[in-house]
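**Student:** The file below is run18.txt, compact mmCIF, C-alpha atoms:
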# COMPACT_ATOMS: atom_id res chain seq x y z
CA MET A 1 256.09 48.83 4.25
CA THR A 2 252.96 49.20 2.12
CA ASP A 3 251.47 45.83 2.90
CA LYS A 4 247.98 45.11 1.62
CA TYR A 5 246.55 44.23 5.05
CA ILE A 6 247.18 47.79 6.30
CA TYR A 7 244.44 49.12 4.01
CA ILE A 8 241.95 46.54 5.28
CA ILE A 9 242.76 47.29 8.93
CA VAL A 10 242.44 51.06 8.39
CA ALA A 11 239.04 50.44 6.74
CA LEU A 12 237.82 48.82 9.99
CA LEU A 13 238.03 52.18 11.78
CA PRO A 14 235.22 53.97 9.85
CA LEU A 15 233.17 50.76 10.08
CA ALA A 16 233.37 50.77 13.88
CA SER A 17 232.65 54.49 14.06
CA PHE A 18 229.50 54.08 11.95
CA ILE A 19 228.27 51.36 14.31
CA LEU A 20 228.99 53.72 17.23
CA VAL A 21 227.18 56.69 15.68
CA PHE A 22 224.02 54.71 14.91
CA GLN A 23 223.73 53.23 18.39
CA VAL A 24 220.89 54.64 20.52
CA ASN A 25 221.33 52.92 23.88
CA PRO A 26 223.95 54.86 25.90
CA TYR A 27 225.44 51.79 27.57
CA HIS A 28 225.77 49.92 24.29
CA ALA A 29 227.32 53.02 22.76
CA LEU A 30 229.96 53.10 25.52
CA VAL A 31 230.94 49.47 24.98
CA ILE A 32 231.12 50.10 21.22
CA ARG A 33 233.28 53.16 21.95
CA ALA A 34 235.66 50.73 23.68
CA ILE A 35 235.60 48.51 20.57
CA LEU A 36 236.42 51.58 18.45
CA GLY A 37 239.32 52.30 20.81
CA ALA A 38 240.68 48.77 20.45
CA ILE A 39 240.61 49.03 16.65
CA ALA A 40 242.17 52.51 16.77
CA VAL A 41 245.05 51.09 18.86
CA LEU A 42 245.65 48.45 16.18
CA VAL A 43 245.71 51.12 13.45
CA TYR A 44 248.09 53.37 15.41
CA VAL A 45 250.43 50.48 16.13
CA ILE A 46 250.67 49.14 12.57
CA LEU A 47 251.36 52.67 11.33
CA GLY A 48 254.31 52.83 13.72
CA ALA A 49 253.00 54.95 16.63
CA ALA A 50 253.32 52.52 19.54
CA ASP A 51 253.27 55.29 22.18
CA VAL A 52 250.04 56.81 20.79
CA GLY A 53 248.48 53.36 20.74
CA LEU A 54 249.38 52.70 24.36
CA THR A 55 247.92 56.06 25.46
CA GLU A 56 244.70 55.42 23.51
CA ALA A 57 244.33 51.99 25.12
CA LEU A 58 244.95 53.10 28.70
CA VAL A 59 243.28 56.54 28.75
CA GLY A 60 240.87 56.57 25.80
CA THR A 61 239.50 53.07 26.16
CA MET A 62 239.93 52.11 29.80
CA LEU A 63 239.71 55.27 31.90
CA ALA A 64 237.33 57.35 29.76
CA VAL A 65 234.80 54.57 29.20
CA THR A 66 234.80 53.55 32.88
CA LEU A 67 234.26 57.16 34.00
CA TYR A 68 231.50 57.62 31.40
CA VAL A 69 229.71 54.49 32.64
CA ILE A 70 229.72 56.01 36.14
CA ALA A 71 228.47 59.37 34.81
CA VAL A 72 225.66 57.84 32.72
CA ARG A 73 224.64 55.59 35.62
CA SER A 74 224.23 58.48 38.01
CA SER A 75 222.50 60.86 35.58
CA LEU A 76 220.06 58.62 33.70
CA VAL A 77 217.99 57.79 36.77
CA MET A 78 214.56 58.62 38.17
CA ARG A 79 214.59 58.74 41.96
CA LEU A 80 211.17 57.83 43.33
CA GLY A 81 210.52 58.56 47.00
CA ILE A 82 208.26 56.11 48.82
CA LEU A 83 207.12 55.59 52.40
CA LYS A 84 208.76 52.83 54.37
CA GLN A 85 206.43 49.85 54.46
CA ASN A 86 206.19 47.98 57.71
CA THR A 87 204.65 44.86 56.22
CA PRO A 88 205.99 43.97 52.78
CA GLN A 89 203.29 42.55 50.54
CA PRO A 90 204.59 40.44 47.66
CA GLU A 91 201.44 40.57 45.50
CA SER A 92 200.42 44.16 46.13
CA TYR A 93 199.46 46.91 43.72
CA PHE A 94 202.75 48.58 44.49
CA THR A 95 204.97 45.93 42.84
CA GLU A 96 202.67 46.09 39.81
CA LEU A 97 203.07 49.86 39.72
CA VAL A 98 206.88 49.64 39.99
CA THR A 99 206.94 47.12 37.15
CA SER A 100 204.91 49.37 34.85
CA LEU A 101 207.04 52.39 35.82
CA LYS A 102 210.20 50.48 34.97
CA LYS A 103 208.69 49.42 31.67
CA ALA A 104 207.86 53.03 30.80
CA LEU A 105 211.33 54.25 31.76
CA ASP A 106 213.11 51.44 29.89
CA LYS A 107 212.07 52.95 26.56
CA TYR A 108 214.07 56.06 27.41
CA HIS A 109 217.01 54.05 28.85
CA LEU A 110 216.29 55.45 32.30
CA ARG A 111 216.72 53.58 35.55
CA LEU A 112 214.30 53.60 38.51
CA GLU A 113 215.71 54.07 41.99
CA LEU A 114 213.44 53.71 45.02
CA VAL A 115 214.30 55.88 48.02
CA GLU A 116 212.55 55.09 51.30
CA TYR A 117 211.49 57.75 53.80
CA PRO A 118 210.12 57.18 57.31
CA ASP A 119 207.14 59.57 57.18
CA ASN A 120 205.09 61.74 54.84
CA GLN A 121 206.63 65.01 56.00
CA SER A 122 210.23 64.06 55.20
CA LEU A 123 209.02 62.70 51.85
CA GLN A 124 207.53 66.09 50.89
CA GLN A 125 210.61 67.85 52.23
CA ALA A 126 212.84 65.67 50.00
CA LEU A 127 210.71 66.53 46.97
CA VAL A 128 210.91 70.26 47.67
CA SER A 129 214.66 70.18 48.30
CA GLN A 130 215.11 68.30 44.97
CA GLU A 131 216.61 65.17 46.48
CA ILE A 132 214.13 63.03 44.56
CA HIS A 133 212.30 63.46 41.26
CA ALA A 134 208.94 62.09 42.28
CA THR A 135 206.97 60.79 45.24
CA CYS A 136 204.57 57.88 45.32
CA ILE A 137 202.15 57.63 48.25
CA GLU A 138 199.10 55.52 48.97
CA GLN A 139 195.85 57.38 48.49
CA GLN A 140 193.53 58.03 51.43
CA HIS A 141 190.43 55.87 51.31
CA SER A 142 187.93 58.64 50.80
CA GLN A 143 186.58 57.00 47.66
CA PRO A 144 186.81 53.24 48.01
CA ASN A 145 185.45 52.57 44.51
CA LEU A 146 188.22 54.54 42.85
CA GLU A 147 190.61 52.43 40.75
CA ALA A 148 193.79 54.35 41.49
CA LYS A 149 195.39 53.26 44.72
CA TYR A 150 198.48 55.44 44.56
CA GLN A 151 199.25 59.07 43.93
CA THR A 152 202.45 59.98 42.08
CA ALA A 153 203.71 63.55 42.17
CA ILE A 154 206.49 64.43 39.73
CA ARG A 155 208.48 67.67 39.89
CA VAL A 156 210.38 67.29 36.58
CA HIS A 157 208.16 68.28 33.69
CA ARG A 158 209.83 66.08 31.08
CA LEU A 159 209.44 63.02 33.32
CA PHE A 160 205.79 63.96 33.80
CA GLU A 161 205.31 64.10 30.03
CA ILE A 162 206.96 60.71 29.58
CA MET A 163 204.82 59.17 32.31
CA GLN A 164 201.63 60.67 30.88
CA GLN A 165 202.49 59.18 27.52
CA GLU A 166 203.76 55.77 28.56
CA LEU A 167 202.02 54.87 31.81
CA THR A 168 198.77 53.21 30.85
CA ALA A 169 198.24 51.31 34.09
CA SER A 170 195.47 52.61 36.30
CA GLU A 171 197.19 51.96 39.63
CA THR A 172 198.16 55.59 40.11
CA THR A 173 197.11 59.13 39.43
CA LEU A 174 199.75 61.50 38.06
CA THR A 175 200.26 65.07 39.18
CA TYR A 176 202.87 67.62 38.21
CA VAL A 177 204.33 69.65 41.08
CA PRO A 178 206.16 72.74 39.83
CA ILE A 179 209.00 73.63 42.20
CA ALA A 180 210.90 76.87 41.68
CA ASN A 181 214.49 76.22 40.70
CA GLN A 182 216.26 78.41 43.23
CA GLU A 183 219.00 78.24 45.79
CA HIS A 184 217.99 76.99 49.20
CA GLN A 185 219.20 78.58 52.36
CA MET B 1 252.50 36.26 6.46
CA ASP B 2 249.94 38.47 4.75
CA SER B 3 247.44 35.63 4.40
CA ILE B 4 247.60 34.91 8.16
CA LEU B 5 246.80 38.53 8.96
CA ILE B 6 243.97 38.72 6.43
CA ALA B 7 242.45 35.59 7.99
CA MET B 8 242.71 37.29 11.40
CA ILE B 9 240.97 40.42 10.04
CA LEU B 10 238.14 38.24 8.74
CA ALA B 11 237.87 36.64 12.19
CA LEU B 12 237.77 40.15 13.68
CA LEU B 13 234.70 40.97 11.58
CA ILE B 14 232.63 38.28 13.36
CA PRO B 15 232.54 39.99 16.82
CA ILE B 16 232.10 43.41 15.15
CA TYR B 17 228.94 42.09 13.49
CA GLU B 18 227.84 40.62 16.82
CA ALA B 19 228.33 43.96 18.62
CA TRP B 20 226.28 45.69 15.93
CA GLN B 21 223.39 43.25 15.92
CA ASP B 22 222.84 42.09 19.48
CA ASP B 23 220.59 43.92 21.94
CA ASP B 24 221.92 42.30 25.10
CA ILE B 25 224.60 44.41 26.80
CA TRP B 26 226.52 41.29 27.91
CA GLN B 27 226.76 40.05 24.34
CA THR B 28 228.21 43.44 23.38
CA ILE B 29 230.78 43.23 26.18
CA LEU B 30 231.61 39.69 25.06
CA ALA B 31 232.19 41.01 21.55
CA PHE B 32 234.41 43.76 22.96
CA THR B 33 236.51 41.20 24.86
CA SER B 34 236.90 39.18 21.70
CA ILE B 35 237.94 42.25 19.66
CA ALA B 36 240.39 43.52 22.31
CA THR B 37 242.12 40.15 22.52
CA LYS B 38 242.18 39.63 18.75
CA THR B 39 243.66 43.06 18.05
CA SER B 40 246.37 42.46 20.68
CA ILE B 41 247.28 39.11 19.14
CA MET B 42 247.39 40.77 15.70
CA MET B 43 249.78 43.37 17.11
CA LEU B 44 252.00 40.59 18.46
CA VAL B 45 252.04 38.88 15.05
CA ILE B 46 252.94 42.16 13.34
CA SER B 47 255.66 42.86 15.90
CA VAL B 48 257.24 39.46 15.23
CA SER B 49 256.99 39.83 11.46
CA ARG B 50 258.55 43.30 11.52
CA ASP B 51 261.00 42.40 14.31
CA ASP B 52 259.91 45.55 16.16
CA TRP B 53 259.80 44.92 19.91
CA SER B 54 258.26 48.26 20.93
CA ILE B 55 255.03 47.15 19.22
CA GLY B 56 255.23 43.83 21.04
CA VAL B 57 255.55 45.51 24.44
CA VAL B 58 252.47 47.66 23.74
CA ALA B 59 250.50 44.56 22.70
CA VAL B 60 251.42 42.71 25.88
CA ILE B 61 250.48 45.68 28.08
CA ILE B 62 247.10 46.04 26.35
CA LEU B 63 246.48 42.30 26.63
CA SER B 64 247.06 42.34 30.42
CA VAL B 65 245.83 45.78 31.57
CA GLY B 66 242.91 45.89 29.13
CA ASN B 67 241.37 42.82 30.71
CA ALA B 68 241.62 44.39 34.18
CA GLY B 69 239.81 47.48 32.91
CA LEU B 70 237.16 45.27 31.33
CA MET B 71 236.48 43.59 34.68
CA LEU B 72 235.99 47.02 36.27
CA MET B 73 233.57 48.09 33.54
CA ALA B 74 231.62 44.83 33.74
CA HIS B 75 231.17 45.29 37.50
CA LEU B 76 229.85 48.82 37.00
CA ILE B 77 227.38 47.67 34.35
CA LYS B 78 226.30 44.74 36.50
CA ARG B 79 225.22 47.13 39.24
CA ILE B 80 222.89 48.93 36.81
CA ASN B 81 220.82 45.82 36.35
CA GLU B 82 220.71 45.09 40.08
CA ALA B 83 219.51 48.52 41.22
Could you write out this file's structure as structure tokens?

**Tutor:**
Amino acid sequence: MTDKYIYIIVALLPLASFILVFQVNPYHALVIRAILGAIAVLVYVILGAADVGLTEALVGTMLAVTLYVIAVRSSLVMRLGILKQNTPQPESYFTELVTSLKKALDKYHLRLELVEYPDNQSLQQALVSQEIHATCIEQQHSQPNLEAKYQTAIRVHRLFEIMQQELTASETTLTYVPIANQEHQ
Amino acid sequence: MDSILIAMILALLIPIYEAWQDDDIWQTILAFTSIATKTSIMMLVISVSRDDWSIGVVAVIILSVGNAGLMLMAHLIKRINEA
């Protein structure tokens, strides 16, 4: 019963857990959690607990990891409200701005989601009712010499801090809009 | 029989190293597929060597259902990169 290979297989378990603990990207960590589950199943099975192994494989590895991917996907996101553009311009400042926003958010493993609204009023309403985290609108041409073409208003303070730190592009001005965190009627 | 299993454990270390090192999420998933399949095959080998069929049934279920779960997870992760 005490075969030598059992010791080597059991030693794989702390190895996989160390790789999991030192992983910073949440999606990578979830896939490595699945790897840890696969190795744990092997350990359970060679020690004689086939039922525990089957439960770990089906619930711990398959169901839990899939549900966590859904949870991380829907929480690690910045929803940016924009106005619906009638004429899409491929080489505009806006695509440049979205690229630099995505680059800034990538460092924090966040995702950018663009939400289109038909007019300015519904855009502001969505920001106040906390449907979106930030709005990005084209600036009025009061000062034509000004570099910034867009105005980004962010209601989450941490996102504002990240953007202030990371966003070096001059396509937009950043403003923080404090919105009271209260129940809406 | 022991030497076969030790060779399989050494082969298992290759995708573990790959999962640790690589930054691409698809490479990590590839490593996970490799590890899941290899551990199932190791379970089958152990079940034959011990003549214990309950282990063999678990290995076969993991080999078939685990791949279905992997497809589901890969589709979810694919939609992150699209959005």

**Student:** Using all atoms listed in the file, I'd like every residue of chain A that has an atom within 8 Å of chain B; please write them out as a PyMOL selection string.

**Tutor:** chain A and resi 3-5+8-9+16+19+27-28+31-32+34-35+38-39+42+45-46+48+50-51+53-54+57-58+62-63+65-66+69-70+73+111-113

**Student:** Between atom CA of A:Leu36 and atom CA of A:Val21, what is the distance in Å, rounded to a tenth?

**Tutor:**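 So the two atoms, atom CA of A:Leu36 and atom CA of A:Val21, lie 10.9 Å apart.
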
**Student:** Give, as AutoDock Vina command-line options, the centre coordinates and the x, y and z edge lengths in Å to one decimal for an axis-aligned box around all listed atoms of stretch 36-40 of chain B, padded by 6 Å on each side.

**Tutor:**
--center_x 243.4 --center_y 41.6 --center_z 20.3 --size_x 18.0 --size_y 15.9 --size_z 16.5

**Student:** So how many Å separate atom CA of A:Lys149 and atom CA of A:Ile179, to one decimal?

**Tutor:**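 If I compute the distance from atom CA of A:Lys149 to atom CA of A:Ile179, I get 24.6 Å.
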
**Student:** What separation in Å, quoted to one decimal, exists between atom CA of A:Val77 and atom CA of A:Gln165?

**Tutor:**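 Distance between the two atoms: 18.1 Å.
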